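Undergrad: Input structure: structure-v8.txt, which contains compact mmCIF, C-alpha atoms.
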# COMPACT_ATOMS: atom_id res chain seq x y z
CA MET A 14 -79.93 -14.60 -23.04
CA THR A 15 -79.43 -12.06 -20.43
CA ASN A 16 -76.59 -9.69 -20.24
CA LYS A 17 -75.38 -11.32 -17.12
CA LYS A 18 -75.00 -14.69 -18.85
CA LYS A 19 -73.25 -13.11 -21.83
CA VAL A 20 -70.71 -11.46 -19.56
CA LEU A 21 -70.10 -14.77 -17.75
CA ILE A 22 -69.58 -16.61 -21.04
CA VAL A 23 -67.16 -13.98 -22.30
CA LEU A 24 -65.26 -14.10 -18.99
CA ALA A 25 -65.11 -17.90 -19.15
CA ILE A 26 -63.77 -17.79 -22.71
CA LEU A 27 -61.16 -15.18 -21.72
CA ALA A 28 -60.16 -17.30 -18.72
CA VAL A 29 -59.69 -20.36 -20.97
CA ILE A 30 -57.58 -18.34 -23.43
CA LEU A 31 -55.51 -16.89 -20.61
CA LEU A 32 -54.94 -20.31 -19.04
CA ALA A 33 -54.00 -21.77 -22.41
CA PHE A 34 -51.49 -18.94 -22.97
CA ILE A 35 -49.91 -19.22 -19.50
CA GLY A 36 -49.89 -23.02 -19.62
CA GLY A 37 -48.35 -22.95 -23.10
CA GLN A 38 -45.58 -20.69 -21.89
CA ALA A 39 -44.87 -22.85 -18.86
CA TYR A 40 -44.47 -25.95 -20.96
CA ALA A 41 -42.80 -24.32 -23.95
CA LYS A 42 -39.21 -24.53 -22.55
CA TYR A 43 -37.19 -26.20 -19.88
CA VAL A 44 -35.66 -23.99 -17.22
CA SER A 45 -33.13 -25.15 -14.67
CA GLU A 46 -31.27 -23.16 -12.09
CA VAL A 47 -27.97 -24.34 -10.63
CA ARG A 48 -26.38 -22.30 -7.90
CA GLY A 49 -22.72 -22.10 -6.99
CA GLU A 50 -20.50 -19.97 -4.80
CA GLY A 51 -17.58 -17.77 -5.81
CA ILE A 52 -14.59 -17.94 -3.50
CA ALA A 53 -11.26 -16.14 -3.77
CA GLU A 54 -8.76 -16.13 -0.96
CA VAL A 55 -6.88 -12.86 -0.58
CA ALA A 56 -3.09 -13.14 -0.58
CA THR A 57 -1.34 -12.19 2.64
CA TRP A 58 0.80 -9.04 2.75
CA SER A 59 3.78 -8.78 5.07
CA PHE A 60 6.59 -6.25 4.74
CA LYS A 61 9.09 -5.29 7.43
CA VAL A 62 12.32 -3.33 7.48
CA ASN A 63 14.79 -4.06 10.27
CA GLY A 64 11.99 -5.88 12.06
CA GLN A 65 9.60 -2.92 11.99
CA GLU A 66 6.41 -2.44 9.98
CA GLU A 67 5.99 1.32 10.27
CA GLN A 68 9.14 3.14 11.32
CA VAL A 69 12.79 2.16 11.07
CA GLU A 70 15.14 2.98 13.90
CA SER A 71 17.67 5.72 13.25
CA ILE A 72 20.95 4.71 11.69
CA ASN A 73 23.80 6.17 13.73
CA LEU A 74 27.08 5.82 11.84
CA ALA A 75 29.12 6.37 15.01
CA SER A 76 27.49 3.36 16.65
CA THR A 77 28.57 1.14 13.75
CA CYS A 78 32.30 1.62 14.27
CA ASN A 79 34.50 0.43 17.08
CA ASN A 80 37.20 2.99 17.65
CA GLU A 81 38.40 3.79 21.14
CA THR A 82 40.30 6.89 19.98
CA LEU A 83 37.09 8.88 19.57
CA VAL A 84 35.21 10.83 22.22
CA ASP A 85 31.42 10.40 22.64
CA ASN A 86 30.98 8.10 19.62
CA LYS A 87 31.66 10.70 16.97
CA ILE A 88 33.05 10.02 13.52
CA ALA A 89 36.28 11.56 12.22
CA PRO A 90 38.91 10.88 9.55
CA GLY A 91 40.20 7.34 10.02
CA THR A 92 36.84 5.82 11.07
CA SER A 93 34.74 3.30 9.20
CA GLY A 94 31.86 0.96 9.80
CA SER A 95 28.78 -0.59 8.27
CA PHE A 96 25.04 -0.90 8.81
CA ASN A 97 22.37 -3.27 7.56
CA ILE A 98 18.99 -2.61 6.00
CA ILE A 99 17.03 -5.84 6.37
CA VAL A 100 14.01 -6.17 4.07
CA ASP A 101 11.69 -8.98 5.18
CA ALA A 102 8.74 -10.30 3.16
CA THR A 103 8.32 -13.48 5.24
CA GLY A 104 4.65 -14.43 5.29
CA SER A 105 3.78 -12.45 2.16
CA GLU A 106 2.02 -14.43 -0.54
CA VAL A 107 2.72 -11.83 -3.23
CA GLY A 108 5.98 -10.60 -4.70
CA ILE A 109 7.33 -7.30 -3.38
CA ASN A 110 9.35 -4.61 -5.11
CA TYR A 111 11.29 -2.75 -2.42
CA ASN A 112 12.57 0.72 -3.09
CA ILE A 113 15.10 2.45 -0.83
CA THR A 114 15.51 6.20 -0.91
CA PHE A 115 17.62 8.54 1.17
CA THR A 116 16.28 12.04 1.71
CA GLU A 117 17.17 15.11 3.72
CA GLU A 118 20.91 14.42 3.51
CA GLU A 119 22.60 17.29 5.32
CA ASN A 120 26.14 18.15 6.41
CA LYS A 121 27.96 15.20 4.87
CA PRO A 122 31.74 15.37 5.34
CA GLN A 123 33.10 15.69 1.80
CA ASN A 124 35.55 12.79 2.06
CA LEU A 125 33.08 10.36 3.68
CA LYS A 126 32.39 7.53 1.22
CA PHE A 127 29.93 4.64 1.08
CA GLU A 128 30.38 1.15 -0.34
CA TYR A 129 27.93 -1.52 -1.42
CA ASN A 130 28.84 -4.75 -3.27
CA ASP A 131 32.44 -3.53 -3.61
CA ILE A 132 31.39 -0.33 -5.42
CA GLU A 133 32.31 3.02 -3.83
CA TYR A 134 29.85 5.93 -3.79
CA ASN A 135 30.46 9.59 -2.97
CA SER A 136 26.97 10.09 -1.53
CA ILE A 137 24.47 7.83 0.15
CA LYS A 138 21.90 9.08 -2.37
CA ASP A 139 23.93 7.39 -5.14
CA LEU A 140 23.18 3.98 -3.56
CA GLU A 141 19.42 4.09 -4.07
CA ASP A 142 19.17 2.28 -7.42
CA ASP A 143 21.63 -0.46 -6.43
CA LEU A 144 19.94 -1.14 -3.08
CA SER A 145 16.40 -1.44 -4.46
CA GLY A 146 15.18 -4.82 -5.70
CA THR A 147 12.49 -7.53 -5.74
CA ILE A 148 11.48 -10.40 -3.50
CA ASN A 149 9.39 -12.80 -5.58
CA ALA A 150 6.33 -14.58 -4.16
CA ASN A 151 7.92 -18.00 -4.66
CA ASP A 152 11.42 -17.10 -3.38
CA GLU A 153 12.62 -19.57 -0.80
CA ASN A 154 14.40 -16.87 1.20
CA LYS A 155 12.24 -13.77 1.62
CA ILE A 156 14.74 -11.81 3.72
CA LYS A 157 17.28 -9.54 2.02
CA THR A 158 20.12 -8.13 4.12
CA LEU A 159 21.70 -5.10 2.47
CA ASN A 160 25.06 -4.29 4.06
CA VAL A 161 26.19 -0.71 3.49
CA LYS A 162 29.76 0.16 4.44
CA TRP A 163 31.05 3.65 5.09
CA LYS A 164 34.51 5.07 5.58
CA TRP A 165 36.20 8.37 6.20
CA ASP A 166 39.81 7.73 5.28
CA TYR A 167 42.52 9.17 7.49
CA GLU A 168 44.25 10.49 4.39
CA THR A 169 42.46 10.98 1.08
CA GLY A 170 44.36 11.31 -2.16
CA SER A 171 47.05 9.59 -4.20
CA ASN A 172 49.85 12.17 -3.93
CA PRO A 173 51.10 14.68 -1.32
CA GLU A 174 49.25 17.61 -2.91
CA GLU A 175 45.88 15.79 -2.92
CA ILE A 176 46.42 14.54 0.63
CA SER A 177 47.26 18.07 1.82
CA SER A 178 44.23 19.54 0.04
CA ASN A 179 41.91 16.89 1.49
CA ASP A 180 43.35 17.38 4.98
CA LEU A 181 42.25 21.03 4.74
CA ILE A 182 38.77 19.91 3.59
CA ASP A 183 38.52 17.47 6.54
CA THR A 184 39.62 20.16 8.97
CA GLU A 185 37.09 22.66 7.63
CA ASP A 186 34.32 20.03 7.78
CA ALA A 187 35.24 19.31 11.41
CA LYS A 188 34.88 23.01 12.25
CA THR A 189 31.52 23.54 10.54
CA ILE A 190 29.65 20.21 10.77
CA GLN A 191 28.01 19.18 14.02
CA ASN A 192 25.75 16.39 12.74
CA TYR A 193 25.63 14.52 9.46
CA THR A 194 22.01 13.38 8.96
CA PHE A 195 19.88 11.60 6.39
CA ASP A 196 16.48 9.92 6.33
CA VAL A 197 15.93 6.38 5.07
CA ILE A 198 12.64 5.50 3.38
CA VAL A 199 11.98 1.90 2.36
CA THR A 200 8.82 1.34 0.32
CA GLY A 201 7.35 -2.07 -0.47
CA THR A 202 4.98 -2.39 -3.42
CA GLN A 203 3.23 -5.53 -4.64
CA VAL A 204 4.66 -6.95 -7.85
CA GLU A 205 2.01 -6.79 -10.58
CA PRO A 206 0.88 -10.35 -11.38
CA GLN A 207 1.51 -11.47 -14.95
CA ALA A 208 -1.24 -13.07 -17.05
Let me see whether you can do it: turn the structure in this file into structure tokens.
TA:
Amino acid sequence: MTNKKKVLIVLAILAVILLAFIGGQAYAKYVSEVRGEGIAEVATWSFKVNGQEEQVESINLASTCNNETLVDNKIAPGTSGSFNIIVDATGSEVGINYNITFTEEENKPQNLKFEYNDIEYNSIKDLEDDLSGTINANDENKIKTLNVKWKWDYETGSNPEEISSNDLIDTEDAKTIQNYTFDVIVTGTQVEPQA
């Protein structure tokens, strides 16, 4: 036998072994592939304060009272009023924790008081914890109207000495304060879903 024939025989034997190996593997197990598709809809987010999504209009205390004895809509002892902070999660498919903070409070008249849910506060900053809350994803009403009242009593105190002392404080405030200002920041954060 020639070398050429020997090589051909060896190649034929190797080809048979290789085919037997590959064929054995192909028939050794069943393999199926089933394909599917993953879908997850993303919940809608909607959060507005006083009808705005980015910036709330200024709250002007003088514009919240109706007193014809004042000049140029300025506040003074004997005035009072209220303003609303409206938190709106209509259209949101997730719960929202809303947090209200007051910053940059400057030049507050000392006897000016605030009231929320029949509780009186000496500073607007003191209201923050009581104003903040949650609108749940499944709440029927997703609008919260927070009514904050303010008042600067004409006379402050329970006896003549206190009234006299507070009159002096009011007079000094009127001489030194031009504008009472504060910033309102309302933050909405998604409620963390529970397992």
Undergrad: Lys157 in chain A: which residues within 9 Å, counting all atoms listed in the file, same-chain residues fewer than 6 positions away excluded, as a list of chain:residue names?
TA: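 Residues meeting the cut-off are A:Ile98, A:Ile99, A:Val100, A:Asp101, A:Ala102, A:Ile148.
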Undergrad: Please, what distance in Å, to one decimal, runs between CA of Ser95 in chain A and CA of Leu74 in chain A?
TA: 7.5 Å
Undergrad: Rounded to one decimal place, report the CA of Asp166 in chain A-CA of Glu133 in chain A distance in Å.
TA: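 Taking CA of Asp166 in chain A and CA of Glu133 in chain A, their separation equals 12.7 Å.
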Undergrad: Would you please work out which residue, of A:Asn160, A:Thr184, A:Ser105, A:Thr194, is nearest to Ala89 in chain A when using all atoms listed in the file?
TA: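 Using all atoms listed in the file, Ala89 in chain A sits closest to A:Thr184.
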Undergrad: Would you compute the distance between CA of Thr103 in chain A and CA of Gly201 in chain A? Give it in Å to one decimal.
TA: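 Interatomic distance here is 12.8 Å.
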Undergrad: Name the closest residue to Ile156 in chain A among the candidates A:Thr92, A:Ile109, A:Asn179, A:Lys18; distances are taken between atoms, counting all atoms listed in the file.
TA: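 Once distances to Ile156 in chain A are computed over all atoms listed in the file, the minimum belongs to A:Ile109.
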Undergrad: May I ask which of the residues A:Ser145, A:Asn135, A:Ser76, A:Asn110 is the closest one to Trp165 in chain A, counting all atoms listed in the file?
TA: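 Of A:Ser145, A:Asn135, A:Ser76, A:Asn110, the one nearest Trp165 in chain A, counting all atoms listed in the file, is A:Asn135.
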Undergrad: Compare A:Ile132, A:Leu144, A:Ile26, A:Ile72 by their minimum atom-to-atom distance to Val199 in chain A, counting all atoms listed in the file, and give me the closest one.
TA: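 That would be A:Leu144, the residue with the smallest distance to Val199 in chain A.
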